[in-house]
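Have a look at entry15.txt; it's compact mmCIF, C-alpha atoms:
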# COMPACT_ATOMS: atom_id res chain seq x y z
CA MET A 260 6.36 23.42 -57.76
CA SER A 261 6.24 19.65 -57.29
CA GLU A 262 5.74 19.74 -53.52
CA GLN A 263 3.20 22.52 -53.71
CA SER A 264 1.18 20.80 -56.43
CA THR A 265 1.11 17.46 -54.61
CA SER A 266 -0.17 19.11 -51.44
CA PHE A 267 -2.73 21.31 -53.18
CA ASP A 268 -6.24 20.52 -51.95
CA ALA A 269 -8.78 22.21 -54.19
CA SER A 270 -11.68 21.57 -51.80
CA ASN A 271 -10.02 23.43 -48.90
CA ALA A 272 -7.98 26.06 -50.80
CA ASP A 273 -8.44 29.78 -50.32
CA ALA A 274 -8.31 32.42 -53.06
CA GLN A 275 -4.58 33.01 -52.76
CA SER A 276 -3.62 29.33 -52.89
CA VAL A 277 -5.82 28.73 -55.93
CA ARG A 278 -4.20 31.69 -57.70
CA THR A 279 -0.70 30.50 -56.76
CA TRP A 280 -1.42 26.93 -57.92
CA MET A 281 -2.93 28.05 -61.23
CA GLN A 282 -0.13 30.53 -61.94
CA ALA A 283 2.59 28.03 -61.12
CA GLY A 284 0.89 25.30 -63.13
CA LEU A 285 0.70 27.49 -66.24
CA ASP A 286 4.33 28.56 -65.91
CA SER A 287 5.55 24.99 -65.52
CA TYR A 288 3.36 23.56 -68.27
CA LEU A 289 4.14 26.27 -70.83
CA LYS A 290 7.79 27.00 -70.00
CA GLU A 291 9.30 24.12 -68.08
CA HIS A 292 7.48 21.50 -70.15
CA LEU A 293 6.43 19.38 -67.19
CA ASP A 294 3.35 18.45 -69.17
CA PRO A 295 0.39 17.08 -67.16
CA TRP A 296 2.39 16.93 -63.93
CA ALA A 297 2.39 20.74 -63.77
CA PHE A 298 -1.23 20.59 -62.60
CA ARG A 299 -0.99 17.85 -59.97
CA PRO A 300 -3.16 16.51 -58.41
CA PHE A 301 -5.31 16.94 -61.58
CA GLU A 302 -2.75 15.63 -64.05
CA HIS A 303 -5.18 13.01 -65.40
CA TYR A 304 -7.34 15.84 -66.82
CA ILE A 305 -4.48 17.36 -68.83
CA GLY A 306 -3.72 16.42 -72.43
CA VAL A 307 -7.06 14.68 -72.89
CA ARG A 308 -8.50 17.40 -75.13
CA ASP A 309 -7.02 19.44 -77.96
CA ASP A 310 -6.58 22.59 -75.91
CA LEU A 311 -5.21 23.32 -72.43
CA ALA A 312 -8.06 25.72 -71.66
CA GLU A 313 -10.53 22.90 -72.39
CA ASP A 314 -8.62 20.59 -70.03
CA LEU A 315 -8.74 23.21 -67.27
CA ARG A 316 -12.47 23.67 -67.81
CA ALA A 317 -12.93 19.94 -67.28
CA ILE A 318 -11.28 20.32 -63.87
CA TYR A 319 -13.45 23.36 -63.11
CA GLN A 320 -16.66 21.51 -63.93
CA ASP A 321 -15.89 18.85 -61.29
CA LEU A 322 -15.41 21.42 -58.52
CA THR A 323 -18.04 22.63 -56.05
CA PRO A 324 -19.73 26.00 -56.78
CA ASP A 325 -17.77 27.73 -54.01
CA VAL A 326 -14.44 26.52 -55.34
CA GLN A 327 -15.49 27.40 -58.90
CA GLY A 328 -15.93 30.98 -57.70
CA LEU A 329 -12.35 30.96 -56.40
CA TRP A 330 -11.14 29.73 -59.81
CA ARG A 331 -12.94 32.54 -61.63
CA SER A 332 -11.42 35.09 -59.26
CA ALA A 333 -7.99 33.55 -59.77
CA ILE A 334 -8.32 33.89 -63.55
CA ARG A 335 -9.22 37.55 -63.12
CA ASP A 336 -6.38 38.24 -60.67
CA ILE A 337 -3.69 36.58 -62.78
CA LEU A 338 -4.81 38.48 -65.89
CA ALA A 339 -4.73 41.73 -63.91
CA MET A 340 -1.27 41.06 -62.54
CA GLN A 341 0.57 39.65 -65.54
CA GLY A 342 -1.73 39.96 -68.55
CA ARG A 343 0.34 42.76 -70.11
CA ASP A 344 3.67 41.02 -69.52
CA PRO A 345 4.95 39.88 -72.95
CA SER A 346 6.80 36.98 -71.37
CA LYS A 347 3.49 35.63 -70.06
CA GLY A 348 1.71 35.83 -73.41
CA SER A 349 1.00 32.10 -73.73
CA ALA A 350 -0.50 31.91 -70.24
CA THR A 351 -2.60 35.01 -70.92
CA ARG A 352 -4.08 33.41 -74.04
CA VAL A 353 -5.01 30.27 -72.11
CA LEU A 354 -6.64 32.31 -69.34
CA ILE A 355 -8.67 34.48 -71.74
CA ASP A 356 -10.03 31.35 -73.41
CA LEU A 357 -10.68 29.72 -70.03
CA ALA A 358 -12.58 32.83 -68.87
CA ALA A 359 -14.97 32.47 -71.82
CA LEU A 360 -15.38 28.73 -71.29
CA VAL A 361 -16.27 28.99 -67.58
CA ARG A 362 -18.30 32.21 -67.96
CA ALA A 363 -15.96 34.18 -65.70
CA HIS A 364 -17.72 37.57 -65.75
CA GLU A 365 -15.18 38.64 -63.14
CA VAL A 366 -12.66 39.30 -65.94
CA LEU A 367 -14.75 41.94 -67.73
CA ASP A 368 -13.09 44.82 -65.90
CA VAL A 369 -9.56 43.67 -66.79
CA LEU A 370 -10.00 42.53 -70.41
CA PRO A 371 -9.76 46.03 -72.01
CA ALA A 372 -6.46 46.70 -70.22
CA LEU A 373 -4.91 43.76 -72.09
CA LEU A 374 -5.18 45.78 -75.31
CA ALA A 375 -3.10 48.71 -74.10
CA GLY A 376 -0.26 49.24 -76.54
CA THR A 377 -0.82 45.97 -78.41
CA ASP A 378 -3.33 44.16 -80.57
CA SER A 379 -1.87 40.73 -79.77
CA PHE A 380 -4.94 39.66 -77.81
CA LEU A 381 -7.55 41.69 -79.71
CA ASP A 382 -9.32 38.72 -81.28
CA GLN A 383 -9.53 36.76 -78.02
CA VAL A 384 -10.49 39.76 -75.91
CA VAL A 385 -13.30 40.79 -78.26
CA ARG A 386 -14.72 37.31 -78.57
CA THR A 387 -14.51 36.67 -74.84
CA ALA A 388 -16.16 40.01 -74.04
CA VAL A 389 -18.93 39.21 -76.53
CA ALA A 390 -19.34 35.71 -75.08
CA LEU A 391 -19.69 37.17 -71.57
CA ALA A 392 -21.97 40.03 -72.61
CA SER A 393 -25.01 40.39 -70.38
CA GLN A 394 -27.21 43.30 -69.36
CA THR A 395 -24.84 44.58 -66.71
CA ASP A 396 -22.88 47.79 -66.29
CA SER A 397 -19.58 45.88 -66.27
CA ALA A 398 -20.33 44.19 -69.62
CA ARG A 399 -21.35 47.47 -71.22
CA ALA A 400 -18.29 49.29 -69.84
CA CYS A 401 -15.97 46.52 -71.05
CA LEU A 402 -17.36 46.64 -74.60
CA GLU A 403 -17.19 50.43 -74.71
CA ARG A 404 -13.56 50.39 -73.60
CA ILE A 405 -12.77 47.82 -76.30
CA ARG A 406 -14.61 49.88 -78.94
CA THR A 407 -12.61 52.99 -78.08
CA SER A 408 -9.26 51.20 -77.83
CA PRO A 409 -6.65 52.53 -80.31
CA SER A 410 -6.02 48.96 -81.45
CA PHE A 411 -9.69 48.28 -82.26
CA SER A 412 -10.18 46.99 -85.81
CA PRO A 413 -13.28 47.34 -88.05
CA ASP A 414 -13.13 43.56 -88.49
CA TYR A 415 -14.68 43.29 -85.01
CA ALA A 416 -17.20 46.11 -85.37
CA GLY A 417 -20.14 43.81 -86.06
CA LEU A 418 -19.40 41.53 -83.11
CA VAL A 419 -19.08 44.44 -80.69
CA LEU A 420 -22.13 46.25 -82.07
CA ARG A 421 -24.44 43.25 -81.67
CA ALA A 422 -23.07 42.65 -78.18
CA LEU A 423 -23.65 46.29 -77.15
CA CYS A 424 -27.20 46.14 -78.46
CA HIS A 425 -27.70 42.99 -76.41
CA VAL A 426 -26.35 44.42 -73.14
CA ASP A 427 -27.93 47.86 -73.61
CA PRO A 428 -30.84 47.65 -76.07
CA ASP A 429 -32.38 50.97 -75.03
CA SER A 430 -29.32 52.76 -76.41
CA TRP A 431 -29.18 50.78 -79.66
CA LEU A 432 -29.17 53.86 -81.85
CA ASP A 433 -26.20 55.34 -80.00
CA HIS A 434 -24.32 52.09 -80.52
CA VAL A 435 -25.13 52.07 -84.24
CA GLU A 436 -23.97 55.68 -84.56
CA ASN A 437 -20.79 55.15 -82.53
CA LEU A 438 -19.81 52.18 -84.68
CA ALA A 439 -21.10 53.56 -88.00
CA ARG A 440 -17.68 54.28 -89.49
CA PRO A 441 -16.02 50.96 -88.61
CA MET A 442 -19.16 49.12 -89.76
CA ASN A 443 -19.03 50.97 -93.06
CA ALA A 444 -15.35 50.03 -93.38
CA LEU A 445 -16.23 46.41 -92.62
CA ALA A 446 -18.99 46.43 -95.26
CA GLU A 447 -16.52 47.58 -97.90
CA ARG A 448 -14.15 44.69 -97.07
CA LEU A 449 -16.75 41.92 -97.32
CA ASP A 450 -17.25 39.80 -100.42
CA ASP A 451 -20.43 40.40 -102.40
CA ASP A 452 -21.88 37.05 -101.39
CA SER A 453 -21.12 37.53 -97.69
CA THR A 454 -24.08 37.18 -95.32
CA ALA A 455 -22.28 38.86 -92.41
CA LEU A 456 -24.16 42.17 -92.64
CA ARG A 457 -27.53 40.38 -92.72
CA PHE A 458 -26.47 38.37 -89.66
CA TYR A 459 -25.51 41.49 -87.73
CA ALA A 460 -28.67 43.34 -88.79
CA GLN A 461 -30.87 40.42 -87.76
CA THR A 462 -29.17 39.86 -84.41
CA ILE A 463 -29.34 43.59 -83.62
CA LEU A 464 -33.08 43.51 -84.32
CA ASP A 465 -33.44 40.38 -82.17
CA ALA A 466 -31.74 42.21 -79.29
CA VAL A 467 -33.63 45.46 -79.75
CA SER A 468 -37.07 44.10 -80.80
CA LEU A 469 -39.61 45.99 -82.89
CA SER A 470 -40.91 47.78 -79.82
CA ARG A 471 -37.83 50.02 -79.73
CA LEU A 472 -37.96 50.96 -83.41
CA ARG A 473 -39.98 54.12 -82.99
CA SER A 474 -40.43 56.76 -85.69
CA ALA A 475 -38.03 59.26 -84.09
CA ALA A 476 -35.29 56.64 -83.76
CA LEU A 477 -35.71 55.40 -87.33
CA ASN A 478 -35.73 58.93 -88.71
CA ARG A 479 -32.50 59.62 -86.83
CA LEU A 480 -31.04 56.39 -88.21
CA GLY A 481 -31.75 57.70 -91.70
CA GLU A 482 -29.62 60.76 -90.95
CA ILE A 483 -26.52 58.83 -89.81
CA ALA A 484 -24.07 59.16 -92.69
CA ASP A 485 -22.47 55.70 -92.49
CA SER A 486 -25.52 53.66 -91.52
CA THR A 487 -26.40 52.68 -95.10
CA TRP A 488 -25.46 49.06 -94.44
CA LEU A 489 -28.15 48.73 -91.74
CA LEU A 490 -30.76 50.65 -93.76
CA ASN A 491 -30.15 48.31 -96.70
CA GLU A 492 -30.43 45.14 -94.61
CA TRP A 493 -33.47 46.26 -92.66
CA PHE A 494 -35.33 48.08 -95.41
CA GLY A 495 -33.72 47.51 -98.82
CA GLY A 496 -34.64 44.99 -101.45
CA PRO A 497 -37.32 42.32 -101.75
CA SER A 498 -35.68 40.15 -99.06
CA SER A 499 -35.25 42.88 -96.46
CA VAL A 500 -35.79 42.16 -92.77
CA LEU A 501 -38.54 44.77 -92.29
CA ARG A 502 -41.53 46.09 -94.19
CA TYR A 503 -43.19 49.49 -93.78
CA GLU A 504 -46.92 50.07 -94.30
CA PRO A 505 -47.55 53.84 -94.21
CA ASP A 506 -51.27 53.48 -94.96
CA ALA A 507 -52.24 50.60 -92.68
CA GLU A 508 -55.80 50.78 -91.34
CA SER A 509 -54.70 51.65 -87.80
CA GLY A 510 -51.92 54.00 -88.90
CA PRO A 511 -48.32 53.53 -90.10
CA ARG A 512 -46.88 50.16 -89.12
CA LEU A 513 -43.55 48.35 -89.18
CA LEU A 514 -43.66 44.59 -89.78
CA LEU A 515 -41.28 41.65 -89.98
CA ARG A 516 -41.08 40.63 -93.61
CA ALA A 517 -40.76 36.96 -92.65
CA ASP A 518 -43.82 37.09 -90.37
CA SER A 519 -46.25 39.96 -90.90
CA THR A 520 -48.16 39.01 -87.73
CA VAL A 521 -45.24 40.53 -85.81
CA SER A 522 -45.62 44.28 -86.15
CA VAL A 523 -45.63 47.55 -84.27
CA LYS A 524 -47.69 50.67 -84.79
CA LEU A 525 -45.60 53.79 -85.28
CA ASN A 526 -46.64 56.95 -83.47
CA GLU A 527 -46.12 59.01 -86.63
CA PRO A 528 -45.22 58.42 -90.29
CA LEU A 529 -41.58 58.13 -91.17
CA ALA A 530 -39.80 61.18 -92.53
CA PRO A 531 -39.97 61.52 -96.34
CA LYS A 532 -36.28 60.61 -96.74
CA LEU A 533 -36.62 57.29 -94.92
CA SER A 534 -40.06 56.59 -96.30
CA SER A 535 -38.68 56.94 -99.81
CA ILE A 536 -36.18 54.18 -99.10
CA PHE A 537 -39.07 51.83 -98.36
CA ALA A 538 -40.97 53.02 -101.39
CA GLN A 539 -37.97 52.52 -103.65
CA TYR A 540 -37.32 48.98 -102.54
CA HIS A 541 -40.76 47.73 -101.70
CA SER A 542 -42.84 48.86 -104.63
CA THR A 543 -44.90 45.95 -105.91
CA ASP A 544 -44.46 47.42 -109.39
CA LYS A 545 -41.51 45.47 -110.74
CA VAL A 546 -39.22 47.20 -113.23
CA VAL A 547 -37.42 45.56 -116.15
CA ALA A 548 -34.80 47.43 -118.15
CA ALA A 549 -32.20 46.79 -120.86
CA VAL A 550 -29.63 49.04 -122.47
CA LEU A 551 -27.36 48.97 -125.50
CA VAL A 552 -24.12 50.99 -125.48
CA ARG A 553 -21.92 51.57 -128.54
CA ALA A 554 -18.47 53.14 -128.24
CA GLY A 555 -16.04 52.73 -131.12
CA GLN A 556 -15.73 49.03 -131.88
CA GLU A 557 -17.25 47.93 -128.58
CA ILE A 558 -20.93 47.11 -128.15
CA TRP A 559 -22.28 46.17 -124.73
CA VAL A 560 -25.73 45.22 -123.46
CA ALA A 561 -27.06 45.05 -119.89
CA GLY A 562 -30.29 43.68 -118.44
CA TYR A 563 -31.99 44.52 -115.14
CA GLU A 564 -34.80 42.93 -113.12
CA ASP A 565 -35.51 41.90 -109.52
CA ASP A 566 -33.58 44.96 -108.30
CA ARG A 567 -30.28 43.86 -109.82
CA VAL A 568 -28.23 43.69 -113.00
CA THR A 569 -28.78 40.19 -114.35
CA GLU A 570 -26.80 40.43 -117.61
CA LEU A 571 -23.75 42.39 -118.80
CA MET A 572 -21.99 41.22 -121.95
CA GLN A 573 -20.17 42.36 -125.08
CA MET A 574 -21.83 41.75 -128.46
CA ASP A 575 -20.27 41.24 -131.90
CA SER A 576 -22.63 43.51 -133.81
CA ASN A 577 -25.44 46.00 -133.41
CA ALA A 578 -27.90 43.50 -134.89
CA ASP A 579 -26.87 40.87 -132.36
CA ALA A 580 -27.31 43.40 -129.55
CA ILE A 581 -30.83 44.32 -130.70
CA ASP A 582 -31.79 40.65 -131.06
CA TRP A 583 -30.53 39.99 -127.54
CA MET A 584 -32.57 42.89 -126.15
CA LYS A 585 -35.72 41.65 -127.91
CA GLU A 586 -35.28 38.16 -126.45
CA TYR A 587 -34.42 39.46 -122.96
CA LEU A 588 -37.44 41.75 -122.81
CA ASN A 589 -39.95 39.41 -124.45
CA LYS A 590 -39.27 36.71 -121.86
CA ARG A 591 -40.37 39.20 -119.20
CA MET A 592 -43.38 40.69 -120.94
CA GLN A 593 -46.93 39.49 -120.68
CA THR A 594 -47.81 37.21 -123.59
CA HIS A 595 -50.26 39.53 -125.34
CA MET A 596 -47.61 42.27 -125.54
CA GLN A 597 -44.76 40.23 -126.97
CA ASP A 598 -45.66 40.10 -130.68
CA ARG A 599 -46.67 43.76 -130.85
CA TRP A 600 -43.50 44.85 -129.10
CA SER A 601 -41.15 42.62 -131.10
CA ASP A 602 -42.35 44.13 -134.37
CA THR A 603 -41.56 47.67 -133.26
CA LEU A 604 -38.50 47.23 -131.03
CA ALA A 605 -35.78 46.86 -133.68
CA PRO A 606 -36.75 49.93 -135.73
CA GLN A 607 -37.05 52.10 -132.62
CA LEU A 608 -33.67 51.00 -131.26
CA ALA A 609 -32.01 51.52 -134.63
CA LYS A 610 -32.99 55.20 -134.51
CA GLN A 611 -31.16 55.73 -131.22
CA SER A 612 -27.46 56.44 -131.49
CA PRO A 613 -25.02 55.66 -130.10
CA SER A 614 -26.78 54.23 -127.01
CA ALA A 615 -30.35 53.31 -126.18
CA GLY A 616 -32.44 51.88 -123.39
CA VAL A 617 -35.75 50.12 -122.92
CA THR A 618 -37.74 49.87 -119.73
CA PHE A 619 -41.21 48.81 -118.66
CA ARG A 620 -43.26 47.73 -115.67
CA PRO A 621 -44.76 44.25 -116.19
CA SER A 622 -47.78 44.99 -114.01
CA CYS A 623 -48.79 47.94 -116.22
CA ASP A 624 -49.80 45.98 -119.29
CA ALA A 625 -51.51 48.99 -120.86
CA THR A 626 -48.37 51.10 -120.68
CA GLN A 627 -46.20 51.30 -123.78
CA PRO A 628 -42.60 50.37 -122.88
CA TRP A 629 -40.25 53.31 -123.04
CA VAL A 630 -37.47 53.41 -125.63
CA GLY A 631 -34.99 56.21 -125.89
CA PRO A 632 -31.43 57.50 -125.62
CA ILE A 633 -29.57 56.96 -122.36
CA ASP A 634 -26.55 59.20 -122.86
CA SER A 635 -27.74 61.57 -120.16
CA LEU A 636 -27.92 58.84 -117.50
CA VAL A 637 -24.16 58.58 -117.00
CA ASP A 638 -21.58 61.28 -117.59
CA THR A 639 -18.89 59.49 -119.61
CA THR A 640 -16.20 61.82 -118.26
CA SER A 641 -16.90 60.40 -114.80
CA ILE A 642 -15.86 56.85 -115.80
CA ASN A 643 -12.52 57.52 -117.47
CA THR A 644 -10.44 55.81 -114.77
CA ALA A 645 -10.80 52.67 -112.69
CA THR A 646 -11.00 54.81 -109.54
CA GLN A 647 -13.91 56.76 -111.00
CA ARG A 648 -15.67 53.55 -111.95
CA ILE A 649 -15.23 52.13 -108.46
CA ARG A 650 -16.81 55.31 -107.10
CA ILE A 651 -19.73 55.04 -109.55
CA PHE A 652 -20.57 51.51 -108.41
CA ALA A 653 -19.92 51.95 -104.68
CA PRO A 654 -23.64 52.61 -103.90
CA TYR A 655 -24.73 49.62 -106.01
CA ARG A 656 -23.12 46.65 -104.24
CA LYS A 657 -26.42 44.81 -104.08
CA GLN A 658 -27.55 45.62 -107.63
CA VAL A 659 -24.28 44.83 -109.43
CA ASN A 660 -22.54 41.62 -108.43
CA GLU A 661 -18.78 41.12 -108.34
CA THR A 662 -18.57 39.46 -111.77
CA HIS A 663 -20.40 42.26 -113.54
CA ARG A 664 -18.58 44.92 -111.55
CA ARG A 665 -15.23 43.40 -112.53
CA ALA A 666 -16.21 43.53 -116.21
CA ALA A 667 -17.28 47.14 -115.82
CA MET A 668 -13.94 48.08 -114.27
CA HIS A 669 -12.06 47.07 -117.46
CA SER A 670 -14.21 48.80 -120.08
CA ARG A 671 -15.77 52.24 -120.28
CA PRO A 672 -18.69 51.05 -122.46
CA ALA A 673 -19.32 48.13 -120.07
CA SER A 674 -19.19 50.50 -117.12
CA LYS A 675 -21.64 52.85 -118.81
CA ALA A 676 -23.99 49.98 -119.68
CA ALA A 677 -24.09 48.64 -116.11
CA ALA A 678 -24.52 52.06 -114.50
CA SER A 679 -27.08 53.18 -117.09
CA VAL A 680 -29.35 50.17 -116.73
CA VAL A 681 -29.47 50.65 -112.94
CA ARG A 682 -30.23 54.35 -113.24
CA LEU A 683 -32.80 53.76 -115.97
CA ALA A 684 -34.62 51.30 -113.69
CA GLU A 685 -34.42 53.73 -110.77
CA SER A 686 -35.87 56.58 -112.82
CA THR A 687 -38.70 54.35 -114.03
CA ARG A 688 -39.51 53.28 -110.49
CA ALA A 689 -39.37 56.86 -109.21
CA ALA A 690 -41.79 57.97 -111.93
CA ALA A 691 -44.31 55.23 -111.12
As structure tokens - that is how I would like this structure written.
Amino acid sequence: MSEQSTSFDASNADAQSVRTWMQAGLDSYLKEHLDPWAFRPFEHYIGVRDDLAEDLRAIYQDLTPDVQGLWRSAIRDILAMQGRDPSKGSATRVLIDLAALVRAHEVLDVLPALLAGTDSFLDQVVRTAVALASQTDSARACLERIRTSPSFSPDYAGLVLRALCHVDPDSWLDHVENLARPMNALAERLDDDSTALRFYAQTILDAVSLSRLRSAALNRLGEIADSTWLLNEWFGGPSSVLRYEPDAESGPRLLLRADSTVSVKLNEPLAPKLSSIFAQYHSTDKVVAAVLVRAGQEIWVAGYEDDRVTELMQMDSNADAIDWMKEYLNKRMQTHMQDRWSDTLAPQLAKQSPSAGVTFRPSCDATQPWVGPIDSLVDTTSINTATQRIRIFAPYRKQVNETHRRAAMHSRPASKAAASVVRLAESTRAAA
């Protein structure tokens, strides 16, 4: 090793000598502990940075373009020859990182093979493949082989999906469908305050652009069973990425919510199922709702506005619960309605037993707020167990935050209050 390293001349080396030098240097550095001297005559580059791959990149950057090409080929060849050898695991990790750092697209055809029978390199392989993703057949083939690997984990579904949409934007819908199940599994693992799904949805749109979101493709997206996460990020809620105008002057249009000057005309209206998703989330007619649930000694109230449950709490008495509802609703009513409504709210609620709800649309100031029983909104037999309650709230991740959902898991009346106020608001919106 010593003689060979001293005589190594990077400027005049051929592909084989570069590969031999790199392979020997890694073996000596990682196993024989020769430290910087393993990479003579470049020992002064080694140990300067926190990572060996970073040190090797520093050497690479000082080489001529022709020699850099030999280095990239050497990385690919060594990975192909020994990448699946467990005894060479440390060297393989360094080379995978180095491939990403020096943009060695040459390794794309060998990366998936490193996953055969093991997930030891899954994180590095995925991230390197994503880093090297470009609109080439080799990049697309590499990502597809990773996606279909038995060791592939849903934790990487978002990274691979956005990369596939980048390398092959014309087939974006196929990529979404192929990764629908792992993306759905990923969505269920994320914390409520995670912004990961919004990031993936936005970067997919950036790769695809509005021009590829045609009516037929969007209607098909609405039929994909596990694509709810993308539908919610693109279309759901007041802060969604996209906005749909079915009655625009020039015909149905799709617009960026952040910049309505960026839009595309659709060749036909969206199917009723998908159109209803827009209508549900993008109605300008805000809904406010509150419910009171009594069950034995427990009394719970819940409040809803801005497309989410804002309050869920236990009350000491029925009178306290009614007072809370009056205060919650009056703060959200137009001024000229407050006194009239306060005088009639308590008597009307007192007539409802054991549970009652109130809902109104602030923009419809001439409409009398609705007051009535809510027992039919949630079947109490469906919330007897924690598993049943989890199932009830699964579709409402955005409307019921983790704190309120945790409270609902421990109490049947709390669970009924949270679910009822959401469904009461939905029914009010649907009837508008």
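Of the residues listed (A:Ser670, A:Asn271, A:Gln658, A:Gln320), A:Ser670 shows the shortest atom-to-atom separation from Asn643 of chain A; distances use all atoms listed in the file.
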**Counting only C-alpha atoms, the option among A:Val523, A:Gln647, A:Asp433, A:Trp280 closest to Ala297 of chain A** =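 Of all the options, A:Trp280 lies closest to Ala297 of chain A.
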Go ahead and find all residues with at least one atom no further than 12 Å from (-10.5, 37.7, -76.8) in the file's coordinates, using all atoms listed in the file; report them as a PDB file with C-alpha atoms, in the coordinates of the input.
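See point29.pdb below for the written result:
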ATOM      1  CA  THR A 351      -2.600  35.010 -70.920  1.00  0.00           C
ATOM      2  CA  ARG A 352      -4.080  33.410 -74.040  1.00  0.00           C
ATOM      3  CA  VAL A 353      -5.010  30.270 -72.110  1.00  0.00           C
ATOM      4  CA  LEU A 354      -6.640  32.310 -69.340  1.00  0.00           C
ATOM      5  CA  ILE A 355      -8.670  34.480 -71.740  1.00  0.00           C
ATOM      6  CA  ASP A 356     -10.030  31.350 -73.410  1.00  0.00           C
ATOM      7  CA  LEU A 357     -10.680  29.720 -70.030  1.00  0.00           C
ATOM      8  CA  ALA A 358     -12.580  32.830 -68.870  1.00  0.00           C
ATOM      9  CA  ALA A 359     -14.970  32.470 -71.820  1.00  0.00           C
ATOM     10  CA  LEU A 360     -15.380  28.730 -71.290  1.00  0.00           C
ATOM     11  CA  VAL A 366     -12.660  39.300 -65.940  1.00  0.00           C
ATOM     12  CA  LEU A 367     -14.750  41.940 -67.730  1.00  0.00           C
ATOM     13  CA  VAL A 369      -9.560  43.670 -66.790  1.00  0.00           C
ATOM     14  CA  LEU A 370     -10.000  42.530 -70.410  1.00  0.00           C
ATOM     15  CA  PRO A 371      -9.760  46.030 -72.010  1.00  0.00           C
ATOM     16  CA  ALA A 372      -6.460  46.700 -70.220  1.00  0.00           C
ATOM     17  CA  LEU A 373      -4.910  43.760 -72.090  1.00  0.00           C
ATOM     18  CA  LEU A 374      -5.180  45.780 -75.310  1.00  0.00           C
ATOM     19  CA  ASP A 378      -3.330  44.160 -80.570  1.00  0.00           C
ATOM     20  CA  SER A 379      -1.870  40.730 -79.770  1.00  0.00           C
ATOM     21  CA  PHE A 380      -4.940  39.660 -77.810  1.00  0.00           C
ATOM     22  CA  LEU A 381      -7.550  41.690 -79.710  1.00  0.00           C
ATOM     23  CA  ASP A 382      -9.320  38.720 -81.280  1.00  0.00           C
ATOM     24  CA  GLN A 383      -9.530  36.760 -78.020  1.00  0.00           C
ATOM     25  CA  VAL A 384     -10.490  39.760 -75.910  1.00  0.00           C
ATOM     26  CA  VAL A 385     -13.300  40.790 -78.260  1.00  0.00           C
ATOM     27  CA  ARG A 386     -14.720  37.310 -78.570  1.00  0.00           C
ATOM     28  CA  THR A 387     -14.510  36.670 -74.840  1.00  0.00           C
ATOM     29  CA  ALA A 388     -16.160  40.010 -74.040  1.00  0.00           C
ATOM     30  CA  VAL A 389     -18.930  39.210 -76.530  1.00  0.00           C
ATOM     31  CA  ALA A 390     -19.340  35.710 -75.080  1.00  0.00           C
ATOM     32  CA  LEU A 391     -19.690  37.170 -71.570  1.00  0.00           C
ATOM     33  CA  CYS A 401     -15.970  46.520 -71.050  1.00  0.00           C
ATOM     34  CA  LEU A 402     -17.360  46.640 -74.600  1.00  0.00           C
ATOM     35  CA  ILE A 405     -12.770  47.820 -76.300  1.00  0.00           C
ATOM     36  CA  PHE A 411      -9.690  48.280 -82.260  1.00  0.00           C
ATOM     37  CA  TYR A 415     -14.680  43.290 -85.010  1.00  0.00           C
ATOM     38  CA  LEU A 418     -19.400  41.530 -83.110  1.00  0.00           C
ATOM     39  CA  VAL A 419     -19.080  44.440 -80.690  1.00  0.00           C
TER      40      VAL A 419
END
**Asked** Quick one, how far is atom CA of Leu501 of chain A from atom CA of Leu514 of chain A?
**Response**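 Straight-line distance from atom CA of Leu501 of chain A to atom CA of Leu514 of chain A works out to 5.7 Å.
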**Between atom CA of Arg316 of chain A and atom CA of Leu289 of chain A, distance in Å (one decimal)** =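 Going from atom CA of Arg316 of chain A over to atom CA of Leu289 of chain A covers 17.1 Å.
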**Nearest to Asn443 of chain A by atom-to-atom distance, counting all atoms listed in the file, from A:Gln327, A:Thr603, A:Ser412, A:Ser486** =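 Checking each of A:Gln327, A:Thr603, A:Ser412, A:Ser486 against Asn443 of chain A, counting all atoms listed in the file, the winner is A:Ser486.
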**Message:** I'd like to know which of A:Leu472, A:Ala269, A:Ile463, A:Ala548 is closest to Ser522 of chain A, using all atoms listed in the file.
**Reply:** A:Leu472
